[in-house]
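Enquirer: For reference, the file upload23.txt (compact mmCIF, C-alpha atoms) is included below:
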# COMPACT_ATOMS: atom_id res chain seq x y z
CA MET G 123 8.55 10.07 -10.34
CA ARG G 124 9.97 9.97 -13.85
CA GLY G 125 11.68 6.61 -13.79
CA VAL G 126 13.70 3.94 -12.06
CA ARG G 127 17.36 2.98 -12.45
CA VAL G 128 18.57 -0.44 -11.25
CA ARG G 129 22.26 -0.86 -10.43
CA THR G 130 23.80 -4.33 -10.32
CA THR G 131 27.24 -5.85 -9.78
CA ARG G 132 27.64 -5.72 -13.59
CA GLY G 133 26.45 -2.16 -14.20
CA THR G 134 23.04 -0.63 -14.84
CA ALA G 135 20.16 -2.90 -15.88
CA ALA G 136 17.62 -1.85 -18.50
CA VAL G 137 14.24 -0.88 -17.05
CA LYS G 138 10.95 -1.06 -18.94
CA THR G 139 7.69 0.70 -18.08
CA ALA G 140 4.31 -1.02 -18.21
CA SER G 141 0.91 0.61 -17.87
CA LEU G 142 -1.32 -0.83 -15.15
CA ALA G 143 -4.50 0.32 -16.95
CA PRO G 144 -5.15 -3.13 -18.55
CA VAL G 145 -5.63 -4.58 -15.06
CA GLY G 146 -7.78 -1.66 -13.88
CA LEU G 147 -5.16 0.15 -11.81
CA PRO G 148 -3.84 3.69 -12.17
CA GLY G 149 -0.17 4.39 -12.80
CA ARG G 150 2.61 2.24 -14.16
CA ALA G 151 4.96 -0.51 -13.12
CA PHE G 152 8.70 -0.61 -13.65
CA LEU G 153 10.24 -3.91 -14.73
CA ALA G 154 13.96 -4.76 -14.68
CA GLU G 155 15.50 -7.99 -15.91
CA ILE G 156 18.62 -8.85 -13.94
CA PRO G 157 21.08 -11.13 -15.78
CA ALA G 158 21.96 -14.51 -14.28
CA ARG G 159 24.74 -14.52 -11.68
CA THR G 160 24.33 -10.77 -11.12
CA GLY G 161 23.79 -9.20 -7.69
CA LEU G 162 21.52 -6.23 -7.01
CA ARG G 163 23.16 -3.14 -5.47
CA SER G 164 20.62 -0.30 -5.56
CA ILE G 165 17.39 0.99 -7.00
CA ASP G 166 17.28 4.71 -7.83
CA VAL G 167 13.89 6.43 -7.99
CA VAL G 168 14.35 9.32 -10.43
CA GLY G 169 12.21 12.42 -10.10
CA ALA G 170 12.65 16.05 -9.07
CA LYS G 171 15.10 14.56 -6.58
CA THR G 172 16.71 11.15 -7.12
CA ARG G 173 16.48 8.78 -4.14
CA ARG G 174 18.81 5.79 -3.97
CA HIS G 175 17.72 2.70 -2.06
CA ARG G 176 20.85 0.65 -1.39
CA LEU G 177 20.55 -3.12 -1.52
CA HIS G 178 23.21 -5.79 -1.31
CA LEU G 179 21.53 -8.90 -2.64
CA PRO G 180 23.60 -11.78 -4.01
CA PRO G 181 22.72 -13.37 -7.36
CA ALA G 182 19.46 -15.33 -7.32
CA ASP G 183 21.14 -18.67 -8.03
CA SER G 184 23.19 -18.35 -4.84
CA GLN G 185 20.21 -17.19 -2.75
CA CYS G 186 18.06 -20.24 -3.39
CA GLY G 187 20.85 -22.75 -3.92
CA TYR G 188 19.88 -23.83 -7.44
CA GLN G 189 22.90 -24.03 -9.74
CA GLU G 190 21.47 -26.09 -12.62
CA ASP G 191 18.24 -26.64 -14.54
CA ALA G 192 16.08 -29.32 -12.92
CA GLY G 193 14.99 -30.67 -16.34
Take the structure from the file and write it as structure tokens.
Expert:
Amino acid sequence: MRGVRVRTTRGTAAVKTASLAPVGLPGRAFLAEIPARTGLRSIDVVGAKTRRHRLHLPPADSQCGYQEDAG
């Protein structure tokens, strides 16, 4: 695996890589920040062959019902 690509309802999200060595684990983690009010459509695992995992998740604020800051 060379990387991960995250597709949303607003285009492709930036993905960062983090080493797991500081916590005593081999390999790396992939982190994607999805903008507010953006749904998730797929996660592509990029390697010798790219595999697309299709998802149709609504934006987080509509999943949990929170529309405003509680503070």
Enquirer: Around the point (18.9, -1.8, -9.9) in the file's coordinates, collect all residues with an atom within 8 Å, using all atoms listed in the file, and return them as a list in words.
Expert: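 Those residues, ordered by chain and then number, are Arg127, Val128, Arg129, Thr130, Thr134, Ala135, Ala154, Leu162, Arg163, Ser164, Ile165 and Asp166 of chain G.
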Enquirer: Restricting the calculation to all atoms listed in the file: of G:Pro180, G:Gly133, G:Gly169, G:Gly125, which residue gets closest to Arg150 of chain G?
Expert: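 Closest to Arg150 of chain G, using all atoms listed in the file: G:Gly125.
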Enquirer: Grab all the atoms of segment 145-161 of chain G that the file lists, wrap them in a box along x, y and z, add 4 Å per side, and give me centre plus edge lengths in Å (one decimal) as lines of an AutoDock Vina configuration file.
Expert:
center_x = 8.5
center_y = -5.1
center_z = -11.8
size_x = 40.5
size_y = 26.9
size_z = 16.2
Enquirer: I need chain G from the structure I supplied, saved as a PDB file, in the first residue's frame with C-alpha atoms retained.
Expert:
ATOM      1  CA  MET G 123       0.000   0.000   0.000  1.00  0.00           C
ATOM      2  CA  ARG G 124       1.381   3.378  -1.009  1.00  0.00           C
ATOM      3  CA  GLY G 125      -1.390   5.631   0.202  1.00  0.00           C
ATOM      4  CA  VAL G 126      -5.035   6.414   0.753  1.00  0.00           C
ATOM      5  CA  ARG G 127      -7.358   8.778  -1.116  1.00  0.00           C
ATOM      6  CA  VAL G 128     -10.600   9.960   0.523  1.00  0.00           C
ATOM      7  CA  ARG G 129     -13.427  11.146  -1.730  1.00  0.00           C
ATOM      8  CA  THR G 130     -16.190  13.341  -0.311  1.00  0.00           C
ATOM      9  CA  THR G 131     -19.271  15.137  -1.604  1.00  0.00           C
ATOM     10  CA  ARG G 132     -17.007  18.191  -2.079  1.00  0.00           C
ATOM     11  CA  GLY G 133     -14.067  16.501  -3.815  1.00  0.00           C
ATOM     12  CA  THR G 134     -10.935  14.781  -2.552  1.00  0.00           C
ATOM     13  CA  ALA G 135      -9.840  15.358   1.057  1.00  0.00           C
ATOM     14  CA  ALA G 136      -6.187  15.768   2.006  1.00  0.00           C
ATOM     15  CA  VAL G 137      -4.695  12.711   3.703  1.00  0.00           C
ATOM     16  CA  LYS G 138      -1.722  12.798   6.075  1.00  0.00           C
ATOM     17  CA  THR G 139       0.491   9.889   7.115  1.00  0.00           C
ATOM     18  CA  ALA G 140       1.573   9.280  10.699  1.00  0.00           C
ATOM     19  CA  SER G 141       4.139   6.766  11.907  1.00  0.00           C
ATOM     20  CA  LEU G 142       2.909   4.346  14.562  1.00  0.00           C
ATOM     21  CA  ALA G 143       6.452   3.805  15.914  1.00  0.00           C
ATOM     22  CA  PRO G 144       6.025   6.326  18.796  1.00  0.00           C
ATOM     23  CA  VAL G 145       3.312   4.095  20.257  1.00  0.00           C
ATOM     24  CA  GLY G 146       5.307   0.892  19.701  1.00  0.00           C
ATOM     25  CA  LEU G 147       3.457  -0.375  16.630  1.00  0.00           C
ATOM     26  CA  PRO G 148       4.806  -1.137  13.159  1.00  0.00           C
ATOM     27  CA  GLY G 149       3.504   0.644  10.088  1.00  0.00           C
ATOM     28  CA  ARG G 150       1.675   3.912   9.651  1.00  0.00           C
ATOM     29  CA  ALA G 151      -1.767   5.414  10.011  1.00  0.00           C
ATOM     30  CA  PHE G 152      -3.589   7.522   7.457  1.00  0.00           C
ATOM     31  CA  LEU G 153      -5.508  10.549   8.726  1.00  0.00           C
ATOM     32  CA  ALA G 154      -8.079  12.542   6.743  1.00  0.00           C
ATOM     33  CA  GLU G 155      -9.867  15.652   7.949  1.00  0.00           C
ATOM     34  CA  ILE G 156     -13.337  15.905   6.443  1.00  0.00           C
ATOM     35  CA  PRO G 157     -14.750  19.458   6.317  1.00  0.00           C
ATOM     36  CA  ALA G 158     -17.976  20.243   8.158  1.00  0.00           C
ATOM     37  CA  ARG G 159     -21.207  19.479   6.304  1.00  0.00           C
ATOM     38  CA  THR G 160     -19.365  17.138   3.920  1.00  0.00           C
ATOM     39  CA  GLY G 161     -20.412  13.539   3.257  1.00  0.00           C
ATOM     40  CA  LEU G 162     -18.010  10.648   2.730  1.00  0.00           C
ATOM     41  CA  ARG G 163     -18.287   8.771  -0.589  1.00  0.00           C
ATOM     42  CA  SER G 164     -15.304   6.409  -0.851  1.00  0.00           C
ATOM     43  CA  ILE G 165     -11.886   5.497   0.438  1.00  0.00           C
ATOM     44  CA  ASP G 166      -9.341   4.389  -2.170  1.00  0.00           C
ATOM     45  CA  VAL G 167      -6.423   2.222  -1.046  1.00  0.00           C
ATOM     46  CA  VAL G 168      -3.616   2.984  -3.505  1.00  0.00           C
ATOM     47  CA  GLY G 169      -0.985   0.361  -4.228  1.00  0.00           C
ATOM     48  CA  ALA G 170       0.018  -1.907  -7.104  1.00  0.00           C
ATOM     49  CA  LYS G 171      -3.737  -2.059  -7.682  1.00  0.00           C
ATOM     50  CA  THR G 172      -6.095   0.633  -6.372  1.00  0.00           C
ATOM     51  CA  ARG G 173      -9.099  -0.674  -4.435  1.00  0.00           C
ATOM     52  CA  ARG G 174     -12.096   1.589  -3.917  1.00  0.00           C
ATOM     53  CA  HIS G 175     -14.319   1.061  -0.890  1.00  0.00           C
ATOM     54  CA  ARG G 176     -17.592   2.867  -1.583  1.00  0.00           C
ATOM     55  CA  LEU G 177     -19.322   4.561   1.326  1.00  0.00           C
ATOM     56  CA  HIS G 178     -22.353   6.801   1.386  1.00  0.00           C
ATOM     57  CA  LEU G 179     -22.199   8.513   4.749  1.00  0.00           C
ATOM     58  CA  PRO G 180     -24.008  11.799   5.341  1.00  0.00           C
ATOM     59  CA  PRO G 181     -22.213  14.723   7.003  1.00  0.00           C
ATOM     60  CA  ALA G 182     -21.425  14.155  10.678  1.00  0.00           C
ATOM     61  CA  ASP G 183     -23.679  16.974  11.886  1.00  0.00           C
ATOM     62  CA  SER G 184     -26.700  15.279  10.309  1.00  0.00           C
ATOM     63  CA  GLN G 185     -25.740  11.810  11.613  1.00  0.00           C
ATOM     64  CA  CYS G 186     -25.718  12.759  15.281  1.00  0.00           C
ATOM     65  CA  GLY G 187     -28.272  15.550  15.112  1.00  0.00           C
ATOM     66  CA  TYR G 188     -26.057  18.333  16.470  1.00  0.00           C
ATOM     67  CA  GLN G 189     -26.404  21.525  14.453  1.00  0.00           C
ATOM     68  CA  GLU G 190     -24.841  24.061  16.845  1.00  0.00           C
ATOM     69  CA  ASP G 191     -22.088  24.363  19.435  1.00  0.00           C
ATOM     70  CA  ALA G 192     -23.312  23.390  22.908  1.00  0.00           C
ATOM     71  CA  GLY G 193     -21.217  26.164  24.544  1.00  0.00           C
TER      72      GLY G 193
END
